[in-house]
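Enquirer: So here's model_9.pdb (PDB, C-alpha atoms (C1' of nucleotides)).
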```
ATOM      1  CA  MET A 666      -1.081 -11.082 -12.684  1.00  0.00           C
ATOM      2  CA  ALA A 667       0.366 -11.495  -9.243  1.00  0.00           C
ATOM      3  CA  TYR A 668       3.064 -10.019  -7.085  1.00  0.00           C
ATOM      4  CA  TRP A 669       5.043 -11.455  -4.198  1.00  0.00           C
ATOM      5  CA  LEU A 670       7.578 -10.768  -1.519  1.00  0.00           C
ATOM      6  CA  PHE A 671      10.590 -12.966  -0.771  1.00  0.00           C
ATOM      7  CA  LYS A 672      12.156 -12.546   2.609  1.00  0.00           C
ATOM      8  CA  SER A 673      15.756 -13.361   3.329  1.00  0.00           C
ATOM      9  CA  GLU A 674      18.278 -12.728   6.030  1.00  0.00           C
ATOM     10  CA  PRO A 675      21.076 -10.923   4.179  1.00  0.00           C
ATOM     11  CA  PHE A 676      23.847 -12.724   6.048  1.00  0.00           C
ATOM     12  CA  LYS A 677      22.410 -16.027   4.796  1.00  0.00           C
ATOM     13  CA  PHE A 678      21.381 -15.045   1.293  1.00  0.00           C
ATOM     14  CA  SER A 679      21.486 -11.406   0.279  1.00  0.00           C
ATOM     15  CA  TRP A 680      20.221  -9.398  -2.652  1.00  0.00           C
ATOM     16  CA  ASP A 681      23.805  -9.077  -3.884  1.00  0.00           C
ATOM     17  CA  MET A 682      24.114 -12.850  -3.864  1.00  0.00           C
ATOM     18  CA  LEU A 683      20.959 -13.192  -5.945  1.00  0.00           C
ATOM     19  CA  LYS A 684      22.275 -10.623  -8.414  1.00  0.00           C
ATOM     20  CA  ALA A 685      25.504 -12.612  -8.655  1.00  0.00           C
ATOM     21  CA  THR A 686      23.570 -15.645  -9.907  1.00  0.00           C
ATOM     22  CA  GLY A 687      22.507 -13.626 -12.956  1.00  0.00           C
ATOM     23  CA  GLU A 688      20.045 -14.868 -15.563  1.00  0.00           C
ATOM     24  CA  ALA A 689      20.014 -18.413 -14.241  1.00  0.00           C
ATOM     25  CA  GLY A 690      18.776 -17.247 -10.869  1.00  0.00           C
ATOM     26  CA  GLN A 691      18.514 -19.189  -7.693  1.00  0.00           C
ATOM     27  CA  GLU A 692      16.395 -22.020  -6.371  1.00  0.00           C
ATOM     28  CA  TRP A 693      14.457 -20.480  -3.490  1.00  0.00           C
ATOM     29  CA  ASP A 694      15.049 -23.524  -1.327  1.00  0.00           C
ATOM     30  CA  GLY A 695      14.822 -24.095   2.390  1.00  0.00           C
ATOM     31  CA  VAL A 696      11.227 -22.966   2.874  1.00  0.00           C
ATOM     32  CA  ARG A 697       9.493 -25.329   5.316  1.00  0.00           C
ATOM     33  CA  ASN A 698       6.178 -23.633   5.767  1.00  0.00           C
ATOM     34  CA  TYR A 699       2.968 -24.694   4.052  1.00  0.00           C
ATOM     35  CA  ALA A 700       1.581 -21.226   3.450  1.00  0.00           C
ATOM     36  CA  ALA A 701       4.845 -20.106   1.883  1.00  0.00           C
ATOM     37  CA  ARG A 702       5.037 -23.258  -0.239  1.00  0.00           C
ATOM     38  CA  ASN A 703       1.472 -22.785  -1.437  1.00  0.00           C
ATOM     39  CA  ASN A 704       2.299 -19.236  -2.453  1.00  0.00           C
ATOM     40  CA  MET A 705       5.209 -20.550  -4.514  1.00  0.00           C
ATOM     41  CA  ARG A 706       2.987 -23.168  -6.141  1.00  0.00           C
ATOM     42  CA  ALA A 707       0.698 -20.354  -7.262  1.00  0.00           C
ATOM     43  CA  MET A 708       3.496 -18.428  -8.968  1.00  0.00           C
ATOM     44  CA  LYS A 709       3.821 -18.138 -12.721  1.00  0.00           C
ATOM     45  CA  ILE A 710       6.843 -17.503 -14.897  1.00  0.00           C
ATOM     46  CA  GLY A 711       7.570 -13.791 -15.002  1.00  0.00           C
ATOM     47  CA  ASP A 712       5.743 -12.953 -11.782  1.00  0.00           C
ATOM     48  CA  LYS A 713       7.551 -10.137 -10.023  1.00  0.00           C
ATOM     49  CA  GLY A 714       8.356  -9.994  -6.350  1.00  0.00           C
ATOM     50  CA  PHE A 715      10.114  -7.835  -3.826  1.00  0.00           C
ATOM     51  CA  PHE A 716      13.337  -9.000  -2.233  1.00  0.00           C
ATOM     52  CA  TYR A 717      13.192  -8.072   1.431  1.00  0.00           C
ATOM     53  CA  HIS A 718      16.065  -8.153   3.894  1.00  0.00           C
ATOM     54  CA  SER A 719      14.965  -9.327   7.337  1.00  0.00           C
ATOM     55  CA  ASN A 720      16.897  -9.076  10.607  1.00  0.00           C
ATOM     56  CA  GLU A 721      19.412  -6.699   9.095  1.00  0.00           C
ATOM     57  CA  GLY A 722      18.401  -3.981   6.719  1.00  0.00           C
ATOM     58  CA  LEU A 723      14.655  -4.424   7.210  1.00  0.00           C
ATOM     59  CA  ALA A 724      13.854  -3.101   3.783  1.00  0.00           C
ATOM     60  CA  VAL A 725      12.697  -3.962   0.297  1.00  0.00           C
ATOM     61  CA  VAL A 726      15.946  -3.743  -1.646  1.00  0.00           C
ATOM     62  CA  GLY A 727      15.229  -5.254  -5.039  1.00  0.00           C
ATOM     63  CA  ILE A 728      12.817  -6.670  -7.582  1.00  0.00           C
ATOM     64  CA  ALA A 729      13.081 -10.294  -8.638  1.00  0.00           C
ATOM     65  CA  GLU A 730      11.103 -12.452 -11.024  1.00  0.00           C
ATOM     66  CA  VAL A 731      10.072 -16.080 -11.085  1.00  0.00           C
ATOM     67  CA  CYS A 732      12.105 -17.969 -13.684  1.00  0.00           C
ATOM     68  CA  ALA A 733      11.098 -21.554 -12.870  1.00  0.00           C
ATOM     69  CA  LEU A 734       7.771 -22.891 -11.681  1.00  0.00           C
ATOM     70  CA  ALA A 735       7.488 -24.715  -8.363  1.00  0.00           C
ATOM     71  CA  HIS A 736       9.479 -27.924  -8.353  1.00  0.00           C
ATOM     72  CA  HIS A 737      10.933 -30.215  -5.725  1.00  0.00           C
ATOM     73  CA  ASP A 738      13.193 -28.417  -3.260  1.00  0.00           C
ATOM     74  CA  SER A 739      16.559 -30.106  -3.756  1.00  0.00           C
ATOM     75  CA  THR A 740      17.431 -29.575  -0.092  1.00  0.00           C
ATOM     76  CA  ALA A 741      14.332 -31.446   1.109  1.00  0.00           C
ATOM     77  CA  GLU A 742      14.437 -35.186   1.719  1.00  0.00           C
ATOM     78  CA  VAL A 743      10.648 -35.490   1.433  1.00  0.00           C
ATOM     79  CA  PRO A 744       8.518 -34.550  -1.609  1.00  0.00           C
ATOM     80  CA  THR A 745       6.429 -32.215   0.543  1.00  0.00           C
ATOM     81  CA  TRP A 746       8.572 -29.188  -0.077  1.00  0.00           C
ATOM     82  CA  GLU A 747       8.723 -27.352  -3.357  1.00  0.00           C
ATOM     83  CA  CYS A 748      10.146 -24.079  -4.475  1.00  0.00           C
ATOM     84  CA  VAL A 749      10.450 -21.773  -7.461  1.00  0.00           C
ATOM     85  CA  ASP A 750      13.596 -20.239  -8.942  1.00  0.00           C
ATOM     86  CA  ILE A 751      13.956 -16.478  -8.943  1.00  0.00           C
ATOM     87  CA  ARG A 752      16.391 -14.066 -10.536  1.00  0.00           C
ATOM     88  CA  ALA A 753      17.234 -10.441  -9.895  1.00  0.00           C
ATOM     89  CA  ILE A 754      15.630  -7.853 -12.163  1.00  0.00           C
ATOM     90  CA  CYS A 755      16.614  -4.478 -10.733  1.00  0.00           C
ATOM     91  CA  ASP A 756      17.564  -2.621  -7.594  1.00  0.00           C
ATOM     92  CA  VAL A 757      15.119  -0.526  -5.638  1.00  0.00           C
ATOM     93  CA  PRO A 758      17.039   2.779  -5.822  1.00  0.00           C
ATOM     94  CA  ARG A 759      15.826   3.932  -2.411  1.00  0.00           C
ATOM     95  CA  PRO A 760      15.175   0.821  -0.284  1.00  0.00           C
ATOM     96  CA  VAL A 761      11.743   0.947   1.329  1.00  0.00           C
ATOM     97  CA  THR A 762      12.121   0.176   5.014  1.00  0.00           C
ATOM     98  CA  LEU A 763       9.720  -1.705   7.242  1.00  0.00           C
ATOM     99  CA  ASP A 764       9.363   1.420   9.342  1.00  0.00           C
ATOM    100  CA  VAL A 765       8.189   3.419   6.349  1.00  0.00           C
ATOM    101  CA  VAL A 766       5.804   0.649   5.257  1.00  0.00           C
ATOM    102  CA  LYS A 767       4.262   0.613   8.731  1.00  0.00           C
ATOM    103  CA  ASN A 768       3.806   4.361   8.665  1.00  0.00           C
ATOM    104  CA  THR A 769       2.235   4.517   5.215  1.00  0.00           C
ATOM    105  CA  PRO A 770      -1.546   4.088   5.511  1.00  0.00           C
ATOM    106  CA  SER A 771      -1.937   2.524   2.062  1.00  0.00           C
ATOM    107  CA  LEU A 772       0.657  -0.111   2.969  1.00  0.00           C
ATOM    108  CA  ALA A 773      -0.392  -0.825   6.530  1.00  0.00           C
ATOM    109  CA  GLU A 774      -2.349  -3.900   5.406  1.00  0.00           C
ATOM    110  CA  MET A 775       0.634  -5.512   3.729  1.00  0.00           C
ATOM    111  CA  ALA A 776       1.381  -9.100   4.713  1.00  0.00           C
ATOM    112  CA  LEU A 777       4.820  -7.826   5.659  1.00  0.00           C
ATOM    113  CA  VAL A 778       3.168  -6.033   8.576  1.00  0.00           C
ATOM    114  CA  LYS A 779       0.254  -8.355   9.316  1.00  0.00           C
ATOM    115  CA  PHE A 780       1.937 -11.728   8.858  1.00  0.00           C
ATOM    116  CA  SER A 781       5.483 -10.739   9.605  1.00  0.00           C
ATOM    117  CA  ARG A 782       6.735 -14.302   9.963  1.00  0.00           C
ATOM    118  CA  LEU A 783       5.595 -15.562   6.590  1.00  0.00           C
ATOM    119  CA  SER A 784       8.680 -15.873   4.415  1.00  0.00           C
ATOM    120  CA  VAL A 785       6.992 -15.884   1.002  1.00  0.00           C
ATOM    121  CA  GLN A 786       4.067 -13.492   0.846  1.00  0.00           C
ATOM    122  CA  PRO A 787       1.523 -12.240  -1.651  1.00  0.00           C
ATOM    123  CA  VAL A 788       1.583  -8.518  -2.470  1.00  0.00           C
ATOM    124  CA  THR A 789      -1.356  -6.736  -4.078  1.00  0.00           C
ATOM    125  CA  GLU A 790      -0.842  -4.828  -7.309  1.00  0.00           C
ATOM    126  CA  ALA A 791      -1.641  -1.557  -5.534  1.00  0.00           C
ATOM    127  CA  GLU A 792       0.913  -2.292  -2.837  1.00  0.00           C
ATOM    128  CA  TYR A 793       3.459  -3.289  -5.436  1.00  0.00           C
ATOM    129  CA  LEU A 794       3.073  -0.084  -7.389  1.00  0.00           C
ATOM    130  CA  GLU A 795       3.142   2.052  -4.262  1.00  0.00           C
ATOM    131  CA  VAL A 796       6.332   0.472  -2.900  1.00  0.00           C
ATOM    132  CA  CYS A 797       7.992   0.798  -6.315  1.00  0.00           C
ATOM    133  CA  LYS A 798       7.034   4.445  -6.450  1.00  0.00           C
ATOM    134  CA  MET A 799       8.342   5.156  -2.956  1.00  0.00           C
ATOM    135  CA  GLY A 800      11.499   3.239  -3.798  1.00  0.00           C
ATOM    136  CA  GLY A 801      12.229   5.527  -6.707  1.00  0.00           C
ATOM    137  CA  LEU A 802      11.383   3.154  -9.539  1.00  0.00           C
ATOM    138  CA  GLU A 803       9.980   5.191 -12.402  1.00  0.00           C
ATOM    139  CA  LYS A 804       8.858   2.213 -14.447  1.00  0.00           C
ATOM    140  CA  PRO A 805       8.183  -0.773 -12.236  1.00  0.00           C
ATOM    141  CA  PRO A 806       8.628  -4.126 -13.964  1.00  0.00           C
ATOM    142  CA  LEU A 807       5.181  -5.723 -14.213  1.00  0.00           C
ATOM    143  CA  SER A 808       4.017  -9.301 -13.944  1.00  0.00           C
ATOM    144  CA  PRO A 809       2.712 -10.784 -17.213  1.00  0.00           C
TER     145      PRO A 809
ATOM    146  C1'  DG B 219      -9.607 -33.491  17.028  1.00  0.00           C
ATOM    147  C1'  DC B 220      -8.106 -30.667  20.788  1.00  0.00           C
ATOM    148  C1'  DC B 221      -4.646 -28.256  23.138  1.00  0.00           C
ATOM    149  C1'  DA B 222      -0.332 -27.704  25.756  1.00  0.00           C
ATOM    150  C1'  DA B 223       4.462 -27.662  24.995  1.00  0.00           C
ATOM    151  C1'  DC B 224       7.974 -26.488  22.275  1.00  0.00           C
ATOM    152  C1'  DG B 225      10.838 -24.473  18.553  1.00  0.00           C
ATOM    153  C1'  DT B 226      11.628 -20.830  15.289  1.00  0.00           C
ATOM    154  C1'  DT B 227      11.228 -16.371  13.314  1.00  0.00           C
ATOM    155  C1'  DG B 228      12.021 -11.704  13.334  1.00  0.00           C
ATOM    156  C1'  DG B 229      11.465  -7.036  15.241  1.00  0.00           C
ATOM    157  C1'  DC B 230      13.179  -4.334  18.794  1.00  0.00           C
TER     158       DC B 230
ATOM    159  C1'  DG C 525      19.683 -10.904  23.846  1.00  0.00           C
ATOM    160  C1'  DC C 526      14.896 -10.698  24.752  1.00  0.00           C
ATOM    161  C1'  DC C 527      10.317 -11.716  23.843  1.00  0.00           C
ATOM    162  C1'  DA C 528       5.895 -11.918  21.192  1.00  0.00           C
ATOM    163  C1'  DA C 529       3.754 -14.314  17.521  1.00  0.00           C
ATOM    164  C1'  DC C 530       2.826 -18.277  15.430  1.00  0.00           C
ATOM    165  C1'  DG C 531       3.500 -22.884  13.276  1.00  0.00           C
ATOM    166  C1'  DT C 532       4.304 -27.708  14.458  1.00  0.00           C
ATOM    167  C1'  DT C 533       4.368 -31.720  17.314  1.00  0.00           C
ATOM    168  C1'  DG C 534       2.633 -35.129  20.211  1.00  0.00           C
ATOM    169  C1'  DG C 535      -0.134 -36.882  24.093  1.00  0.00           C
ATOM    170  C1'  DC C 536      -4.660 -37.729  25.285  1.00  0.00           C
TER     171       DC C 536
END
```
Show me the file's structure as structure tokens.
Expert:
Amino acid sequence: MAYWLFKSEPFKFSWDMLKATGEAGQEWDGVRNYAARNNMRAMKIGDKGFFYHSNEGLAVVGIAEVCALAHHDSTAEVPTWECVDIRAICDVPRPVTLDVVKNTPSLAEMALVKFSRLSVQPVTEAEYLEVCKMGGLEKPPLSP
DNA sequence: GCCAACGTTGGC
DNA sequence: GCCAACGTTGGC
């Protein structure tokens, strides 16, 4: 049981764009960072993750799930880079902003705050549940 | 294997 | 648009 956070600049690939891909989801390609790749390698089918808008928005706006295990990143010319596929599960009714995360003691240790440049991050179950609660999700979708 | 230089990310 | 943080590269 694991939870994650996927960061994206909305003007490059937004939450709405992920939703538009529907059930099939989207290859989370373009990641060229070993820590982020290793996080994706550790993901299992059905793992849930936050979709976070960086640069503009600065908030957790949705919940996605892993729908394909790590495989070769089709945009990479070398076999080094792998990625998972994710698909949208539901909106976060009240997006949880970075500012709020920073000012919530129970969330102050989140990777989002401590390792702000990591594009694919682990999230603890406690953090996941707390962010869902603050975001107005009555029944957060859980990882298997 | 160290470390300086450099490039990129991302918040402000 | 600036700048701090940090990952990567490359010379030694």
Enquirer: For region 527-534 of chain C, please output as an MDAnalysis selection string all residues within 9 Å (counting all atoms listed in the file; exclusion window: fewer than 6 positions along the same chain).
Expert: (chainID A and resid 698 781:782) or (chainID B and resid 223:227)
Enquirer: May I ask for the distance between CA of Gly695 (chain A) and CA of Ala735 (chain A), given in Å to one decimal place?
Expert: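 Those two atoms sit 13.0 Å apart.
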Enquirer: Starting from the displayed file, determine the output of the PyMOL selection byres ((chain A) within 10 of (chain B)) and express the residue list as a PyMOL selection string.
Expert: chain A and resi 674+719-721+723+763+781-784
Enquirer: Given the file above and the PyMOL selection byres ((chain A and resi 681) around 12), which residues are selected, and can you give them as a PDB file with C-alpha atoms, in the coordinates of the input?
Expert:
```pdb
ATOM      1  CA  SER A 673      15.756 -13.361   3.329  1.00  0.00           C
ATOM      2  CA  GLU A 674      18.278 -12.728   6.030  1.00  0.00           C
ATOM      3  CA  PRO A 675      21.076 -10.923   4.179  1.00  0.00           C
ATOM      4  CA  PHE A 676      23.847 -12.724   6.048  1.00  0.00           C
ATOM      5  CA  LYS A 677      22.410 -16.027   4.796  1.00  0.00           C
ATOM      6  CA  PHE A 678      21.381 -15.045   1.293  1.00  0.00           C
ATOM      7  CA  SER A 679      21.486 -11.406   0.279  1.00  0.00           C
ATOM      8  CA  TRP A 680      20.221  -9.398  -2.652  1.00  0.00           C
ATOM      9  CA  MET A 682      24.114 -12.850  -3.864  1.00  0.00           C
ATOM     10  CA  LEU A 683      20.959 -13.192  -5.945  1.00  0.00           C
ATOM     11  CA  LYS A 684      22.275 -10.623  -8.414  1.00  0.00           C
ATOM     12  CA  ALA A 685      25.504 -12.612  -8.655  1.00  0.00           C
ATOM     13  CA  THR A 686      23.570 -15.645  -9.907  1.00  0.00           C
ATOM     14  CA  GLY A 687      22.507 -13.626 -12.956  1.00  0.00           C
ATOM     15  CA  GLY A 690      18.776 -17.247 -10.869  1.00  0.00           C
ATOM     16  CA  PHE A 716      13.337  -9.000  -2.233  1.00  0.00           C
ATOM     17  CA  TYR A 717      13.192  -8.072   1.431  1.00  0.00           C
ATOM     18  CA  HIS A 718      16.065  -8.153   3.894  1.00  0.00           C
ATOM     19  CA  VAL A 726      15.946  -3.743  -1.646  1.00  0.00           C
ATOM     20  CA  GLY A 727      15.229  -5.254  -5.039  1.00  0.00           C
ATOM     21  CA  ILE A 728      12.817  -6.670  -7.582  1.00  0.00           C
ATOM     22  CA  ALA A 729      13.081 -10.294  -8.638  1.00  0.00           C
ATOM     23  CA  ARG A 752      16.391 -14.066 -10.536  1.00  0.00           C
ATOM     24  CA  ALA A 753      17.234 -10.441  -9.895  1.00  0.00           C
ATOM     25  CA  ILE A 754      15.630  -7.853 -12.163  1.00  0.00           C
ATOM     26  CA  CYS A 755      16.614  -4.478 -10.733  1.00  0.00           C
ATOM     27  CA  ASP A 756      17.564  -2.621  -7.594  1.00  0.00           C
TER      28      ASP A 756
END
```
Enquirer: May I ask which of the residues A:Pro760, A:Val766, A:Gln691, A:Ser771 is the closest one to Ala733 (chain A), counting only C-alpha atoms?
Expert: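 So, comparing all the options, the nearest one is A:Gln691.
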Enquirer: Quick check, in Å to one decimal: how far apart do CA of Thr762 (chain A) and CA of Ala791 (chain A) lie?
Expert: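 Here the two named atoms are 17.4 Å from each other.
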Enquirer: Would you please work out which residue, of A:Glu795, A:Asp712, A:Asp764, A:Asp694, is nearest to Ser739 (chain A) when using all atoms listed in the file?
Expert: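 Of the candidates, the smallest distance to Ser739 (chain A) is held by A:Asp694.
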Enquirer: Written as a PyMOL selection string, what is the full residue list that the PyMOL selection byres ((chain A and resi 786) around 7) yields on the file shown?
Expert: chain A and resi 669-671+701+704+776+783-785+787-788
Enquirer: Can you measure CA of Ala667 (chain A) to CA of Thr740 (chain A) for me? One decimal in Å is fine.
Expert: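 Between these atoms lies a distance of 26.5 Å.
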Enquirer: Let me have the centre and edge lengths of the axis-aligned box enclosing all listed atoms of chain C with 5 Å padding on every side, in Å to one decimal, as JSON.
Expert:
```
{"center_x": 7.5, "center_y": -24.2, "center_z": 19.3, "size_x": 34.3, "size_y": 37.0, "size_z": 22.0}
```
Enquirer: Since fewer atoms than expected are present, regenerate N, CA, C and O atoms for region 783-794 of chain A and write them as a CSV table (one decimal), keeping the file's coordinate frame.
Expert:
```csv
chain,number,residue,atom,x,y,z
A,783,LEU,N,5.7,-14.8,7.8
A,783,LEU,CA,5.6,-15.6,6.6
A,783,LEU,C,6.7,-15.2,5.6
A,783,LEU,O,6.9,-14.0,5.3
A,784,SER,N,7.5,-16.2,5.2
A,784,SER,CA,8.7,-15.9,4.4
A,784,SER,C,8.5,-15.6,2.9
A,784,SER,O,9.3,-15.0,2.3
A,785,VAL,N,7.3,-16.2,2.4
A,785,VAL,CA,7.0,-15.9,1.0
A,785,VAL,C,5.6,-15.4,1.0
A,785,VAL,O,4.6,-16.1,1.4
A,786,GLN,N,5.4,-14.1,0.7
A,786,GLN,CA,4.1,-13.5,0.8
A,786,GLN,C,3.5,-13.0,-0.5
A,786,GLN,O,4.2,-12.6,-1.3
A,787,PRO,N,2.1,-12.9,-0.5
A,787,PRO,CA,1.5,-12.2,-1.7
A,787,PRO,C,1.5,-10.7,-1.4
A,787,PRO,O,1.5,-10.3,-0.3
A,788,VAL,N,1.6,-10.0,-2.5
A,788,VAL,CA,1.6,-8.5,-2.5
A,788,VAL,C,0.5,-8.1,-3.5
A,788,VAL,O,0.5,-8.6,-4.6
A,789,THR,N,-0.3,-7.2,-3.1
A,789,THR,CA,-1.4,-6.7,-4.1
A,789,THR,C,-0.7,-5.8,-5.1
A,789,THR,O,0.4,-5.3,-4.9
A,790,GLU,N,-1.4,-5.7,-6.3
A,790,GLU,CA,-0.8,-4.8,-7.3
A,790,GLU,C,-0.7,-3.4,-6.8
A,790,GLU,O,0.3,-2.7,-7.1
A,791,ALA,N,-1.7,-2.9,-6.1
A,791,ALA,CA,-1.6,-1.6,-5.5
A,791,ALA,C,-0.4,-1.4,-4.6
A,791,ALA,O,0.3,-0.4,-4.7
A,792,GLU,N,-0.2,-2.4,-3.8
A,792,GLU,CA,0.9,-2.3,-2.8
A,792,GLU,C,2.2,-2.3,-3.6
A,792,GLU,O,3.2,-1.6,-3.3
A,793,TYR,N,2.2,-3.2,-4.6
A,793,TYR,CA,3.5,-3.3,-5.4
A,793,TYR,C,3.8,-1.9,-6.1
A,793,TYR,O,4.9,-1.5,-6.0
A,794,LEU,N,2.8,-1.3,-6.7
A,794,LEU,CA,3.1,-0.1,-7.4
A,794,LEU,C,3.5,1.0,-6.4
A,794,LEU,O,4.3,1.8,-6.7
```
